[in-house]
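Below is the file entry-v2.txt, which contains compact mmCIF, C-alpha atoms.
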# COMPACT_ATOMS: atom_id res chain seq x y z
CA GLY A 14 205.31 119.38 85.72
CA CYS A 15 203.09 122.47 85.58
CA TYR A 16 205.68 124.52 83.76
CA HIS A 17 203.63 127.73 83.68
CA LEU A 18 202.38 127.61 87.28
CA GLU A 19 203.54 130.77 89.08
CA TRP A 20 201.70 130.75 92.42
CA VAL A 21 199.61 128.42 94.58
CA CYS A 22 197.18 129.21 97.39
CA ILE A 23 196.56 126.11 99.52
CA PRO A 24 193.42 126.16 101.73
CA ASP A 25 193.56 125.70 105.48
CA SER A 26 191.80 122.34 105.19
CA VAL A 27 194.98 120.70 103.79
CA THR A 28 197.03 118.75 106.36
CA SER A 29 199.41 116.75 104.16
CA ILE A 30 201.36 117.41 100.95
CA GLY A 31 202.67 114.35 99.10
CA GLU A 32 206.11 113.71 97.67
CA GLY A 33 206.74 115.43 94.35
CA ALA A 34 203.54 117.47 94.62
CA PHE A 35 205.16 120.44 92.88
CA SER A 36 207.87 118.59 90.99
CA ASP A 37 209.16 120.40 87.87
CA CYS A 38 207.09 123.53 88.54
CA ILE A 39 210.02 125.51 87.25
CA ASN A 40 208.27 128.90 87.28
CA LEU A 41 206.66 128.58 90.71
CA GLU A 42 207.40 131.81 92.59
CA SER A 43 204.98 131.82 95.51
CA ILE A 44 203.26 129.21 97.64
CA ASN A 45 201.65 129.30 101.09
CA ILE A 46 201.77 126.32 103.43
CA PRO A 47 198.77 126.29 105.85
CA SER A 48 199.50 126.02 109.56
CA GLY A 49 197.58 122.73 109.70
CA VAL A 50 200.04 120.91 107.41
CA THR A 51 202.01 118.39 109.46
CA THR A 52 203.64 116.32 106.71
CA ILE A 53 205.51 117.33 103.59
CA LYS A 54 207.44 114.58 101.84
CA CYS A 55 210.23 116.24 100.00
CA SER A 56 213.11 115.40 97.69
CA ALA A 57 214.73 117.59 95.10
CA VAL A 58 216.52 117.18 91.80
CA ILE A 59 218.39 120.24 90.59
CA PRO A 60 218.36 120.29 86.78
CA SER A 61 221.56 120.14 84.78
CA GLY A 62 222.78 123.56 83.76
CA VAL A 63 222.19 125.24 87.12
CA THR A 64 225.45 126.81 88.30
CA THR A 65 224.49 128.59 91.52
CA ILE A 66 222.44 127.66 94.59
CA LYS A 67 221.70 130.94 96.35
CA GLY A 68 222.16 131.52 100.07
CA SER A 69 219.36 130.13 102.29
CA ALA A 70 217.78 128.46 99.23
CA PHE A 71 216.57 125.46 101.26
CA TYR A 72 216.79 127.10 104.69
CA ASN A 73 214.93 125.10 107.35
CA CYS A 74 213.39 122.66 104.83
CA ARG A 75 212.90 120.15 107.61
CA SER A 76 211.31 117.45 105.45
CA LEU A 77 213.96 117.49 102.72
CA GLU A 78 215.47 114.00 102.74
CA SER A 79 217.50 113.89 99.54
CA ILE A 80 218.77 116.19 96.84
CA VAL A 81 220.57 115.46 93.59
CA MET A 82 223.04 118.15 92.61
CA PRO A 83 224.33 118.27 89.00
CA ASP A 84 228.01 118.69 88.16
CA SER A 85 227.20 122.09 86.63
CA VAL A 86 226.86 123.63 90.11
CA THR A 87 229.96 125.62 91.06
CA SER A 88 228.61 127.77 93.90
CA ILE A 89 226.45 126.98 96.95
CA GLY A 90 225.55 130.06 99.00
CA GLU A 91 225.72 130.71 102.73
CA GLY A 92 223.21 128.74 104.80
CA ALA A 93 221.77 127.08 101.69
CA PHE A 94 220.80 123.91 103.60
CA TYR A 95 220.78 125.32 107.14
CA GLY A 96 218.32 123.39 109.31
CA CYS A 97 217.56 120.59 106.82
CA ILE A 98 217.39 118.18 109.73
CA ASN A 99 216.29 115.15 107.67
CA LEU A 100 218.77 115.52 104.82
CA GLU A 101 220.58 112.17 104.85
CA SER A 102 223.10 112.51 102.04
CA PHE A 103 224.61 115.16 99.84
CA ASN A 104 226.95 115.11 96.86
CA ILE A 105 229.10 118.22 96.63
CA PRO A 106 229.74 118.78 92.90
CA ALA A 107 233.34 118.66 91.72
CA GLY A 108 233.28 122.29 90.55
CA VAL A 109 232.54 123.78 93.98
CA THR A 110 235.59 125.59 95.41
CA VAL A 111 234.22 127.01 98.69
CA ILE A 112 231.98 125.44 101.32
CA GLU A 113 230.30 128.57 102.59
CA HIS A 114 229.37 129.81 106.05
CA GLU A 115 226.68 127.67 107.76
CA VAL A 116 225.83 125.90 104.50
CA PHE A 117 225.09 122.57 106.26
CA ARG A 118 224.48 123.82 109.80
CA ARG A 119 222.04 121.63 111.77
CA CYS A 120 221.80 118.98 109.04
CA ASN A 121 221.43 116.45 111.83
CA SER A 122 220.83 113.39 109.63
CA LEU A 123 224.04 113.67 107.60
CA THR A 124 226.35 110.86 108.72
CA SER A 125 229.25 111.36 106.32
CA ILE A 126 230.38 113.83 103.70
CA VAL A 127 233.00 113.64 100.96
CA ILE A 128 234.54 116.97 100.03
CA PRO A 129 235.78 117.05 96.41
CA GLY A 130 239.32 117.97 95.42
CA SER A 131 238.13 121.26 93.92
CA VAL A 132 237.40 122.75 97.36
CA THR A 133 240.04 125.10 98.78
CA SER A 134 238.18 126.62 101.73
CA ILE A 135 235.67 125.52 104.37
CA LYS A 136 234.11 128.60 105.93
CA SER A 137 233.06 129.22 109.53
CA ASN A 138 230.28 127.07 111.03
CA ALA A 139 229.92 125.18 107.73
CA PHE A 140 229.00 121.89 109.46
CA MET A 141 228.10 123.32 112.85
CA GLU A 142 225.76 121.11 114.93
CA CYS A 143 225.63 118.28 112.37
CA GLU A 144 225.07 115.90 115.24
CA GLY A 145 224.85 112.75 113.09
CA LEU A 146 228.11 113.38 111.23
CA LYS A 147 230.58 110.58 111.99
CA SER A 148 233.34 110.96 109.43
CA VAL A 149 234.69 113.63 107.12
CA PHE A 150 237.43 113.36 104.53
CA ILE A 151 239.03 116.70 103.65
CA PRO A 152 241.16 116.68 100.46
CA ASP A 153 244.66 118.11 100.19
CA SER A 154 243.29 121.01 98.11
CA VAL A 155 241.81 122.62 101.25
CA ILE A 156 244.05 125.31 102.74
CA SER A 157 241.67 126.88 105.29
CA VAL A 158 239.05 125.59 107.72
CA GLY A 159 237.03 128.37 109.38
CA ASN A 160 236.26 128.86 113.05
CA GLY A 161 233.56 126.60 114.43
CA ALA A 162 233.43 124.61 111.17
CA PHE A 163 232.63 121.37 113.04
CA TYR A 164 231.36 122.91 116.29
CA GLY A 165 228.92 120.60 118.05
CA CYS A 166 229.39 117.59 115.75
CA THR A 167 228.90 115.37 118.77
CA ASN A 168 229.26 112.05 116.90
CA LEU A 169 232.28 112.97 114.79
CA GLU A 170 234.81 110.16 115.22
CA SER A 171 237.37 110.76 112.50
CA ILE A 172 238.58 113.71 110.46
CA ASN A 173 241.82 114.71 108.76
CA ILE A 174 243.41 118.12 108.40
CA PRO A 175 245.29 118.55 105.08
CA ALA A 176 248.95 119.59 104.96
CA GLY A 177 248.12 122.97 103.42
CA VAL A 178 246.16 124.14 106.47
CA THR A 179 248.36 126.23 108.78
CA ILE A 180 245.84 127.43 111.37
CA ILE A 181 243.36 125.45 113.44
CA GLU A 182 240.80 128.17 114.05
CA ASP A 183 238.84 129.02 117.20
CA CYS A 184 236.20 126.46 118.29
CA VAL A 185 236.67 124.38 115.13
CA PHE A 186 236.10 121.09 117.02
CA TYR A 187 234.29 122.51 120.04
CA ASN A 188 232.03 119.90 121.70
CA CYS A 189 233.02 117.09 119.32
CA ASN A 190 232.33 114.55 122.04
CA SER A 191 233.21 111.42 120.06
CA LEU A 192 236.62 112.54 118.75
CA LYS A 193 239.19 110.31 120.48
CA SER A 194 242.51 111.25 118.90
CA PHE A 195 243.97 113.95 116.69
CA THR A 196 247.30 114.70 115.06
CA ILE A 197 248.57 118.23 114.51
CA HIS A 198 250.76 117.87 111.41
CA ASP A 199 253.94 119.75 110.55
CA GLY A 200 253.08 123.12 109.06
CA ILE A 201 250.37 124.10 111.50
CA THR A 202 251.54 127.16 113.39
CA THR A 203 248.49 128.20 115.41
CA ILE A 204 245.81 126.44 117.44
CA GLY A 205 242.95 128.83 118.17
CA GLN A 206 240.98 129.40 121.34
CA GLN A 207 238.78 126.51 122.49
CA ALA A 208 239.64 124.57 119.32
CA PHE A 209 239.19 121.26 121.20
CA SER A 210 237.11 122.48 124.14
CA HIS A 211 234.57 119.97 125.51
CA CYS A 212 235.96 117.11 123.39
CA LYS A 213 235.17 114.73 126.25
CA SER A 214 236.41 111.55 124.54
CA LEU A 215 239.72 113.02 123.35
CA ARG A 216 242.46 110.88 124.88
CA SER A 217 245.50 111.90 122.87
CA ILE A 218 246.65 114.75 120.68
CA LYS A 219 250.02 115.04 118.96
CA ILE A 220 251.29 118.58 118.45
CA SER A 221 254.11 119.18 115.99
CA ASP A 222 257.12 121.42 116.60
CA SER A 223 255.81 123.88 114.00
CA VAL A 224 253.12 125.13 116.42
CA THR A 225 254.10 128.51 117.91
CA SER A 226 250.78 129.64 119.39
CA ILE A 227 248.04 127.89 121.34
CA GLY A 228 244.95 130.00 122.17

Whole structure given in structure tokens:
Amino acid sequence: GCYHLEWVCIPDSVTSIGEGAFSDCINLESINIPSGVTTIKCSAVIPSGVTTIKGSAFYNCRSLESIVMPDSVTSIGEGAFYGCINLESFNIPAGVTVIEHEVFRRCNSLTSIVIPGSVTSIKSNAFMECEGLKSVFIPDSVISVGNGAFYGCTNLESINIPAGVTIIEDCVFYNCNSLKSFTIHDGITTIGQQAFSHCKSLRSIKISDSVTSIG
């Protein structure tokens, strides 16, 4: 680790950057990636003690395949991993309470995600267009799931909605082509507009008597 390295200027002749090339460069503030670079092998380990991952921190890091998140993290900002199309797995730390807007949008290689019991809210478009996502377990602690949260998760086969959620928001499962069945539990009062639109494999849906409005 080049602990005191603050900036790097990479010449145009470079076409490949190896895995861990700038590992532990904790003070690195600026780096240019030449247009000729076609391969960047990338994994990340967030050091213990970090509490906040800022919004768009890893935005469009297309070569990021894995990241280790310490338990000290309590906040992950909006769009933090938006467009990380090769990110295969992710551990959401137990202290995180909100899954923010678009935080995992277009993480196409994620196949499953476990949401810890500390989470109370999943914001809009949080997992939008995660085309590889097949299963999601949402804990009972969650009381709100935002509009379009799983929009375009075309391979999503199974998901549960906790008892504390009272509204299925607009477009929340829009274009979830692989979803075959779904149960609307007692306590849900509202089903938003296009909540299950274009769910082409959906064969059955059970709606409880508590529902008073369907968009």

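One distance worth recording is that between atom CA of Phe71 of chain A and atom CA of His114 of chain A, which is 14.3 Å.
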
(message) For a quick check of understanding, using all atoms listed in the file, which of A:Phe186, A:Ser125, A:Val63, A:Thr179 has the smallest distance to Thr225 of chain A?
(response)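 Of A:Phe186, A:Ser125, A:Val63, A:Thr179, the one nearest Thr225 of chain A, counting all atoms listed in the file, is A:Thr179.
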
(request) Kindly give the distance, in Å, that separates atom CA of Asn73 of chain A and atom CA of Ile98 of chain A, rounded to a single decimal. (result)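 Result for atom CA of Asn73 of chain A versus atom CA of Ile98 of chain A: 7.7 Å, one decimal.
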
(request) Can you work out the spacing between atom CA of Cys97 of chain A and atom CA of Val21 of chain A in Å, to one decimal? (result) 23.1 Å

(request) For Gly130 of chain A, please output as a list in words all residues within 9 Å (counting all atoms listed in the file; exclusion window: fewer than 2 positions along the same chain). (result)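 Final neighbour list, sorted by chain and number: Ala107, Gly108, Thr110, Ile128, Val132, Thr133, Ile151, Pro152, Asp153, Ser154 and Val155 of chain A.
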